[in-house]
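Undergrad: File data-v2.txt follows (compact mmCIF, C-alpha atoms):
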```txt
# COMPACT_ATOMS: atom_id res chain seq x y z
CA MET A 27 24.53 29.98 -86.91
CA LEU A 28 22.94 29.95 -83.45
CA GLU A 29 26.40 29.94 -81.92
CA THR A 30 27.41 33.02 -83.93
CA THR A 31 24.20 34.80 -82.89
CA ILE A 32 24.78 33.89 -79.24
CA ASP A 33 28.43 35.00 -79.39
CA SER A 34 27.36 38.37 -80.73
CA TYR A 35 24.62 38.94 -78.11
CA SER A 36 26.80 37.64 -75.32
CA GLU A 37 29.55 40.13 -76.18
CA LYS A 38 27.08 43.04 -76.34
CA MET A 39 25.61 41.96 -73.00
CA ARG A 40 29.09 41.71 -71.48
CA VAL A 41 29.90 45.28 -72.52
CA ALA A 42 26.55 46.57 -71.22
CA ALA A 43 27.04 44.71 -67.93
CA ASN A 44 30.55 46.08 -67.43
CA GLU A 45 29.20 49.58 -67.95
CA GLY A 46 26.40 48.97 -65.44
CA ARG A 47 23.67 49.17 -68.10
CA TYR A 48 21.55 46.22 -66.96
CA ASN A 49 18.45 47.62 -68.66
CA ASP A 50 20.35 47.38 -71.94
CA SER A 51 21.25 43.77 -71.14
CA LEU A 52 17.57 43.00 -70.54
CA ALA A 53 16.65 44.74 -73.81
CA LEU A 54 19.29 42.64 -75.62
CA LEU A 55 17.83 39.50 -74.07
CA GLU A 56 14.39 40.54 -75.30
CA GLU A 57 15.79 41.21 -78.78
CA PHE A 58 17.44 37.78 -78.74
CA ARG A 59 14.11 36.18 -77.71
CA SER A 60 12.41 37.78 -80.66
CA GLU A 61 15.17 36.61 -83.01
CA VAL A 62 14.88 33.07 -81.66
CA ARG A 63 11.10 33.14 -82.14
CA ASN A 64 11.43 34.27 -85.74
CA LYS A 65 14.33 32.11 -86.83
CA SER A 66 13.47 28.90 -84.93
CA PHE A 67 16.94 27.45 -84.56
CA SER A 68 17.08 23.67 -84.80
CA ALA A 69 17.06 21.46 -81.72
CA SER A 70 20.34 19.89 -82.83
CA GLU A 71 22.05 23.31 -82.93
CA ILE A 72 20.73 24.08 -79.44
CA LEU A 73 21.83 20.69 -78.14
CA ASP A 74 25.32 21.18 -79.60
CA LEU A 75 25.63 24.37 -77.56
CA LEU A 76 24.28 22.80 -74.37
CA CYS A 77 26.85 20.02 -74.80
CA LYS A 78 29.84 22.32 -75.20
CA PRO A 79 32.40 21.66 -72.48
CA ASN A 80 32.47 24.43 -69.87
CA PHE A 81 29.67 26.30 -71.57
CA THR A 82 28.10 27.08 -68.20
CA ASP A 83 31.20 29.12 -67.29
CA VAL A 84 30.87 31.63 -70.09
CA GLY A 85 29.04 34.83 -69.10
CA SER A 86 25.60 35.15 -70.62
CA LYS A 87 26.06 32.38 -73.20
CA TYR A 88 24.30 29.70 -71.20
CA GLN A 89 21.42 32.07 -70.46
CA LEU A 90 20.98 32.65 -74.18
CA ALA A 91 21.25 28.94 -74.98
CA PHE A 92 18.56 28.12 -72.40
CA THR A 93 16.37 30.86 -73.85
CA ALA A 94 16.77 29.29 -77.30
CA ALA A 95 15.85 25.91 -75.78
CA TRP A 96 12.60 27.31 -74.36
CA TYR A 97 11.49 28.31 -77.86
CA ASN A 98 12.25 24.89 -79.35
CA LEU A 99 11.72 22.34 -76.61
CA SER A 100 12.95 18.91 -77.58
CA PRO A 101 13.24 15.57 -75.79
CA THR A 102 16.74 15.34 -77.28
CA TYR A 103 17.94 17.77 -74.57
CA VAL A 104 16.95 15.50 -71.70
CA ALA A 105 20.14 13.43 -71.38
CA ARG A 106 22.35 16.55 -71.40
CA LEU A 107 20.10 18.38 -68.94
CA ASN A 108 20.13 15.34 -66.62
CA ALA A 109 23.94 15.35 -66.76
CA LEU A 110 24.11 19.08 -66.01
CA LEU A 111 21.78 18.65 -63.03
CA ALA A 112 23.86 15.78 -61.66
CA ASP A 113 27.06 17.84 -62.06
CA GLU A 114 27.72 19.71 -58.83
CA ASN A 115 30.08 22.07 -60.65
CA ALA A 116 27.19 23.36 -62.77
CA SER A 117 25.14 24.63 -59.84
CA ASN A 118 24.72 28.03 -61.51
CA VAL A 119 22.39 26.48 -64.10
CA HIS A 120 20.57 23.91 -61.98
CA GLU A 121 17.41 25.91 -61.49
CA GLN A 122 17.02 26.65 -65.19
CA VAL A 123 17.75 23.01 -66.00
CA ILE A 124 15.02 21.83 -63.63
CA GLU A 125 12.49 24.22 -65.16
CA LEU A 126 13.19 22.73 -68.59
CA LEU A 127 12.97 19.21 -67.15
CA VAL A 128 9.54 20.02 -65.66
CA GLU A 129 8.32 20.84 -69.15
CA LEU A 130 10.00 17.85 -70.78
CA GLY A 131 8.61 15.46 -68.12
CA ASP A 132 10.89 12.53 -68.89
CA GLU A 133 11.18 9.53 -66.57
CA SER A 134 14.95 9.34 -67.13
CA SER A 135 15.34 12.59 -65.15
CA VAL A 136 14.21 11.01 -61.86
CA PRO A 137 17.72 10.06 -60.54
CA ALA A 138 19.16 13.53 -61.28
CA LEU A 139 16.13 15.22 -59.71
CA GLU A 140 16.42 12.99 -56.66
CA LYS A 141 20.07 14.02 -56.32
CA ALA A 142 19.09 17.69 -56.72
CA MET A 143 16.74 17.30 -53.75
CA SER A 144 19.85 17.09 -51.58
CA TYR A 145 21.54 20.22 -52.95
CA ARG A 146 21.93 23.05 -50.46
CA TRP A 147 23.79 25.72 -52.41
CA ASP A 148 24.84 28.83 -50.58
CA PHE A 149 22.94 31.10 -52.98
CA ASP A 150 19.77 29.01 -52.77
CA GLU A 151 18.50 30.59 -49.56
CA TRP A 152 14.89 29.60 -50.25
CA LEU A 153 15.65 26.05 -51.43
CA SER A 154 14.30 26.69 -54.90
CA ILE A 155 16.33 23.84 -56.39
CA PRO A 156 14.98 21.08 -54.12
CA LYS A 157 11.47 22.57 -54.26
CA LYS A 158 11.44 22.78 -58.05
CA SER A 159 12.85 19.25 -58.20
CA LEU A 160 9.79 18.14 -56.25
CA GLN A 161 7.54 19.90 -58.76
CA ALA A 162 9.35 18.14 -61.60
CA LEU A 163 9.10 14.74 -59.92
CA ASN A 164 5.41 15.30 -59.28
CA ALA A 165 4.91 16.25 -62.94
CA ILE A 166 6.77 13.12 -64.12
CA GLY A 167 4.45 11.12 -61.87
CA THR A 168 5.98 7.64 -62.11
CA ASP A 169 5.80 5.38 -59.04
CA ARG A 170 9.42 6.12 -58.12
CA ALA A 171 9.02 9.87 -58.70
CA LEU A 172 5.93 10.03 -56.49
CA GLU A 173 7.59 7.88 -53.85
CA ILE A 174 10.33 10.53 -53.55
CA VAL A 175 7.71 13.27 -53.23
CA ARG A 176 5.90 11.28 -50.51
CA MET A 177 9.19 10.79 -48.64
CA ALA A 178 9.85 14.53 -48.85
CA ALA A 179 6.45 15.13 -47.26
CA GLN A 180 8.01 13.65 -44.08
CA SER A 181 11.02 15.97 -44.26
CA GLU A 182 12.23 17.74 -41.13
CA ILE A 183 12.83 20.82 -43.26
CA GLU A 184 9.58 22.75 -43.13
CA GLU A 185 9.91 24.35 -46.61
CA ILE A 186 10.55 20.97 -48.27
CA LYS A 187 7.71 19.32 -46.39
CA GLU A 188 5.32 22.16 -47.31
CA GLU A 189 6.27 21.96 -50.99
CA ALA A 190 5.91 18.16 -51.09
CA LEU A 191 2.48 18.33 -49.47
CA ALA A 192 1.40 21.03 -51.92
CA CYS A 193 2.58 18.82 -54.81
CA LEU A 194 0.66 15.81 -53.47
CA ASP A 195 -2.46 17.98 -53.04
CA SER A 196 -2.36 19.31 -56.60
CA MET G 14 0.85 34.47 -54.23
CA SER G 15 -1.82 32.56 -52.36
CA GLN G 16 -5.18 34.09 -51.37
CA LYS G 17 -3.86 34.06 -47.81
CA GLY G 18 -0.78 35.99 -48.94
CA LEU G 19 -2.96 38.54 -50.71
CA ALA G 20 -5.03 39.05 -47.55
CA ARG G 21 -1.78 39.68 -45.62
CA VAL G 22 -0.62 42.22 -48.24
CA GLU G 23 -3.97 44.02 -48.25
CA SER G 24 -4.16 44.22 -44.51
CA ALA G 25 -0.54 45.39 -44.09
CA GLY G 26 -0.56 47.68 -47.11
CA GLY G 27 2.55 45.99 -48.47
CA LEU G 28 4.75 42.90 -48.42
CA VAL G 29 5.06 41.00 -45.15
CA ARG G 30 8.16 38.97 -44.26
CA ARG G 31 7.52 35.53 -42.85
CA ALA G 32 9.31 34.28 -39.72
CA GLN G 33 13.07 33.96 -40.38
CA GLY G 34 12.51 35.32 -43.89
CA SER G 35 11.25 31.94 -45.07
CA ALA G 36 9.36 33.36 -48.08
CA GLU G 37 11.20 34.64 -51.15
CA LEU G 38 8.97 37.69 -51.69
CA GLY G 39 9.98 38.00 -55.33
CA VAL G 40 9.11 41.12 -57.32
CA THR G 41 9.53 41.58 -61.06
CA GLN G 42 8.75 44.25 -63.62
CA ASN G 43 7.69 41.59 -66.12
CA ALA G 44 3.92 41.10 -65.74
CA SER G 45 3.74 38.25 -68.26
CA TYR G 46 6.05 36.20 -66.01
CA LEU G 47 3.34 36.32 -63.33
CA ASP G 48 0.75 35.03 -65.80
CA ASP G 49 3.11 32.21 -66.74
CA LEU G 50 3.73 31.35 -63.08
CA MET G 51 0.02 31.18 -62.33
CA SER G 52 -0.72 29.01 -65.37
CA ARG G 53 1.98 26.36 -64.79
CA ALA G 54 0.60 22.87 -64.17
CA SER G 55 3.57 22.06 -61.93
CA THR G 56 2.69 24.81 -59.43
CA ARG G 57 -1.06 24.45 -59.67
CA GLY G 58 -2.81 26.20 -56.81
CA LYS G 59 0.39 27.67 -55.37
CA TYR G 60 0.22 31.02 -57.14
CA GLN G 61 -3.45 31.86 -57.04
CA VAL G 62 -3.17 35.61 -57.57
CA GLY G 63 -0.72 38.06 -59.02
CA VAL G 64 -0.40 41.37 -57.25
CA GLU G 65 0.62 44.53 -59.06
CA PHE G 66 2.40 47.21 -57.04
CA GLU G 67 2.80 50.66 -58.49
CA VAL G 68 5.93 52.06 -56.84
CA LYS G 69 7.74 55.37 -56.93
CA PRO G 70 10.23 55.77 -59.78
CA GLY G 71 13.71 54.53 -58.90
CA THR G 72 12.53 51.90 -56.39
CA PHE G 73 13.68 48.92 -58.46
CA GLU G 74 17.04 50.54 -59.24
CA SER G 75 17.62 51.40 -55.60
CA LEU G 76 16.90 47.81 -54.50
CA ILE G 77 19.29 46.52 -57.16
CA SER G 78 22.07 48.78 -55.94
CA GLN G 79 21.89 47.15 -52.48
CA ALA G 80 21.56 43.59 -53.74
CA ALA G 81 23.73 40.52 -54.12
CA VAL G 82 23.32 38.23 -57.12
CA HIS G 83 22.21 34.69 -57.70
CA PRO G 84 24.68 33.00 -60.12
CA SER G 85 22.05 33.23 -62.89
CA ALA G 86 22.29 37.03 -62.79
CA ALA G 87 26.03 37.31 -62.12
CA PRO G 88 27.03 37.94 -65.76
CA MET G 89 24.54 40.81 -65.93
CA PHE G 90 25.73 42.44 -62.69
CA PRO G 91 29.51 41.86 -62.56
CA ASN G 92 29.96 44.60 -59.98
CA LEU G 93 27.61 43.15 -57.38
CA PRO G 94 28.65 40.46 -54.87
CA LEU G 95 27.47 36.87 -55.13
CA PHE G 96 24.69 36.05 -52.67
CA LYS G 97 25.85 33.98 -49.70
CA LYS G 98 23.75 32.23 -47.11
CA GLY G 99 22.65 34.50 -44.28
CA MET G 100 23.10 37.78 -46.21
CA THR G 101 20.40 40.26 -45.31
CA VAL G 102 20.21 42.03 -48.66
CA PRO G 103 17.87 41.59 -51.64
CA GLN G 104 18.86 38.87 -54.12
CA ILE G 105 18.74 39.47 -57.89
CA LYS G 106 17.93 36.42 -59.94
CA LEU G 107 17.08 35.54 -63.52
CA GLU G 108 13.97 33.39 -63.59
CA LYS G 109 12.71 31.14 -66.39
CA ASP G 110 13.52 32.58 -69.82
CA GLY G 111 15.76 35.26 -68.33
CA VAL G 112 13.13 37.29 -66.47
CA LEU G 113 14.75 39.53 -63.85
CA SER G 114 13.36 39.33 -60.33
CA ILE G 115 14.40 40.70 -56.95
CA LEU G 116 13.87 38.51 -53.91
CA LEU G 117 13.24 40.69 -50.88
CA GLY G 118 12.46 37.99 -48.31
CA GLY G 119 15.88 37.99 -46.65
CA SER G 120 15.99 41.72 -46.01
CA ASP G 121 13.84 43.52 -43.53
CA ASP G 122 15.21 46.87 -44.72
CA ALA G 123 14.48 46.12 -48.39
CA VAL G 124 10.90 45.11 -47.57
CA LYS G 125 10.42 48.31 -45.55
CA GLN G 126 11.91 50.38 -48.36
CA PHE G 127 9.73 48.69 -50.98
CA ASN G 128 6.61 49.13 -48.86
CA SER G 129 7.32 52.79 -48.19
CA ASN G 130 7.54 53.39 -51.96
CA ILE G 131 4.21 51.77 -52.82
CA ILE G 132 1.71 54.08 -54.52
CA THR G 133 -1.06 51.57 -55.29
CA ILE G 134 -1.70 47.84 -54.84
CA ARG G 135 -3.93 46.03 -57.29
CA LYS G 136 -4.89 42.38 -57.80
CA ARG G 137 -4.18 41.34 -61.41
```
Output the file's structure in the form of structure tokens.

TA:
Amino acid sequence: MLETTIDSYSEKMRVAANEGRYNDSLALLEEFRSEVRNKSFSASEILDLLCKPNFTDVGSKYQLAFTAAWYNLSPTYVARLNALLADENASNVHEQVIELLVELGDESSVPALEKAMSYRWDFDEWLSIPKKSLQALNAIGTDRALEIVRMAAQSEIEEIKEEALACLDS
Amino acid sequence: MSQKGLARVESAGGLVRRAQGSAELGVTQNASYLDDLMSRASTRGKYQVGVEFEVKPGTFESLISQAAVHPSAAPMFPNLPLFKKGMTVPQIKLEKDGVLSILLGGSDDAVKQFNSNIITIRKR
């Protein structure tokens, strides 16, 4: 049922986008949010979508699936999110994945977050992915996670160093 | 932004680019996103204040028309180019939960344009 809902919104958003009506796309996203809030789709339905092969390639579908995940956060997503973050071909969703991982705060995410610290994607001019990975590691707070944050505080890259120091100060 | 950032905005009467554009300078029309950003435990202390800019009508649309997109916003703006390193244009991005923001930090012209369209500045 969630998949059908997402298919329908995704198609409407595709049409709006092709006609340059981004305000309509945003309104559709808001309408979807409200539907997700009211219907509370199950975590297993959301996970099924996140696990679909190539789902990150399909227009607005992944955006809608992540939105659904925000309204029903579940530790069952962690393994799939870790895999998406470790997959360099899914760079378009990495930032959203990290934000969910911050909230889920699971120790098993540390290796994927450590890998994400090394990502330098062309579109990530302000290093949001490594910086948010540091925030996630700091939130997880295990010895290994904090060790990575402390190492980043010695980074030669000023933005990374600044973020790591801010994390350690918080 | 930080208290220091707010002082810079108040004294300049608008956004101020950092050396080599090293700050994102993100603006959004979604005020509740700012509240969320300031309340997150993971960024405690980083976003101390939200600043509300009232700008002339059409400012946001004009910035979008000159922008390139982050992959998160690409499906919503199929006619705009993907952002590449070193571009000096605004970047459109979808933040947490699909909130639209425009990052002005890489574009001196966009910052100037935004600043020249400011009507009022208010701390939230």

Undergrad: Of the candidates G:Lys98, G:Arg30, G:Arg21, G:Lys59, which one gets nearest to A:Glu151 if we count all atoms listed in the file?

TA: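 With all atoms listed in the file as the atom set, the closest residue is G:Lys98.
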
Undergrad: Under the rule of at most 6 Å, produce a per-residue listing of chain A near chain G: chain, number, name, the closest pair of atoms, and the distance in Å, as a tab-separated table, using only C-alpha atoms.

TA:
```
residue	atom	partner	partner_atom	distance
A:Ala43	CA	G:Met89	CA	5.0
A:Gly85	CA	G:Pro88	CA	5.0
A:Ser86	CA	G:Pro88	CA	5.8
A:Thr93	CA	G:Asp110	CA	5.2
A:Asn118	CA	G:Pro84	CA	5.2
A:Asp148	CA	G:Lys98	CA	5.0
A:Phe149	CA	G:Lys97	CA	5.2
A:Gln161	CA	G:Ser55	CA	5.5
```

Undergrad: Would you list the contacts of stretch 129-133 of chain A as a list in words, taking every protein, DNA or RNA residue within 7 Å and counting all atoms listed in the file, but skipping same-chain residues closer than 5 positions in sequence?

TA: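 Those residues are Pro101, Ala165 and Ile166 of chain A.
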
Undergrad: Between atom CA of A:Trp152 and atom CA of A:Glu125, measure the distance and give it in Å to one decimal.

TA: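 About the pair atom CA of A:Trp152 and atom CA of A:Glu125: they are 16.0 Å apart.
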
Undergrad: Between atom CA of A:Lys65 and atom CA of A:Met27, measure the distance and give it in Å to one decimal.

TA: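 It comes out at 10.4 Å.
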
Undergrad: I want to know what sits within 12 Å of A:Ile155, based on only C-alpha atoms, with residues of the same chain fewer than 6 positions away left out; could you give that as a PyMOL selection string?

TA: chain A and resi 111+117-125+138-149+161-162+185-186+189

Undergrad: By how many Å are atom CA of G:Leu117 and atom CA of G:Gln61 apart?

TA: 19.9 Å

Undergrad: Just checking: using all atoms listed in the file, which residue out of G:Arg31, G:Arg137, G:Lys69, G:Lys125 ends up closest to G:Ala44?

TA: G:Arg137

Undergrad: For A:Arg176, which of A:Asn164, A:Ser68, A:Ser196, A:Thr82 is the closest residue, counting only C-alpha atoms?

TA: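 Smallest separation from A:Arg176 among the options: A:Asn164.
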
Undergrad: List the spatial neighbours of A:Arg63 as an MDAnalysis selection string - criterion: any atom at most 9 Å away, all atoms listed in the file, same-chain residues fewer than 3 positions off excluded.

TA: chainID A and resid 58:60 66:67 94 97:98

Undergrad: Let me see the file: selected residues, C-alpha atoms, as an mmCIF file, in the frame of the given file.

TA:
```cif
data_model
loop_
_atom_site.group_PDB
_atom_site.id
_atom_site.type_symbol
_atom_site.label_atom_id
_atom_site.label_comp_id
_atom_site.auth_asym_id
_atom_site.auth_seq_id
_atom_site.Cartn_x
_atom_site.Cartn_y
_atom_site.Cartn_z
ATOM 1 C CA PHE A 58 17.440 37.780 -78.740
ATOM 2 C CA ARG A 59 14.110 36.180 -77.710
ATOM 3 C CA SER A 60 12.410 37.780 -80.660
ATOM 4 C CA SER A 66 13.470 28.900 -84.930
ATOM 5 C CA PHE A 67 16.940 27.450 -84.560
ATOM 6 C CA ALA A 94 16.770 29.290 -77.300
ATOM 7 C CA TYR A 97 11.490 28.310 -77.860
ATOM 8 C CA ASN A 98 12.250 24.890 -79.350
#
```

Undergrad: Go ahead and fit an axis-aligned box to every listed atom of stretch 152-168 of chain A plus 6 Å each side, and pass me the centre and edge lengths in Å, one decimal, as lines of an AutoDock Vina configuration file.

TA:
```
center_x = 10.4
center_y = 18.6
center_z = -57.2
size_x = 23.9
size_y = 34.0
size_z = 25.9
```

Undergrad: Can you pull out the residues contacting A:Leu73? Cut-off 9 Å, using only C-alpha atoms, and skip same-chain residues under 6 positions away; I want them as a list in words.

TA: Ala91, Ala95, Thr102, Tyr103 and Arg106 of chain A
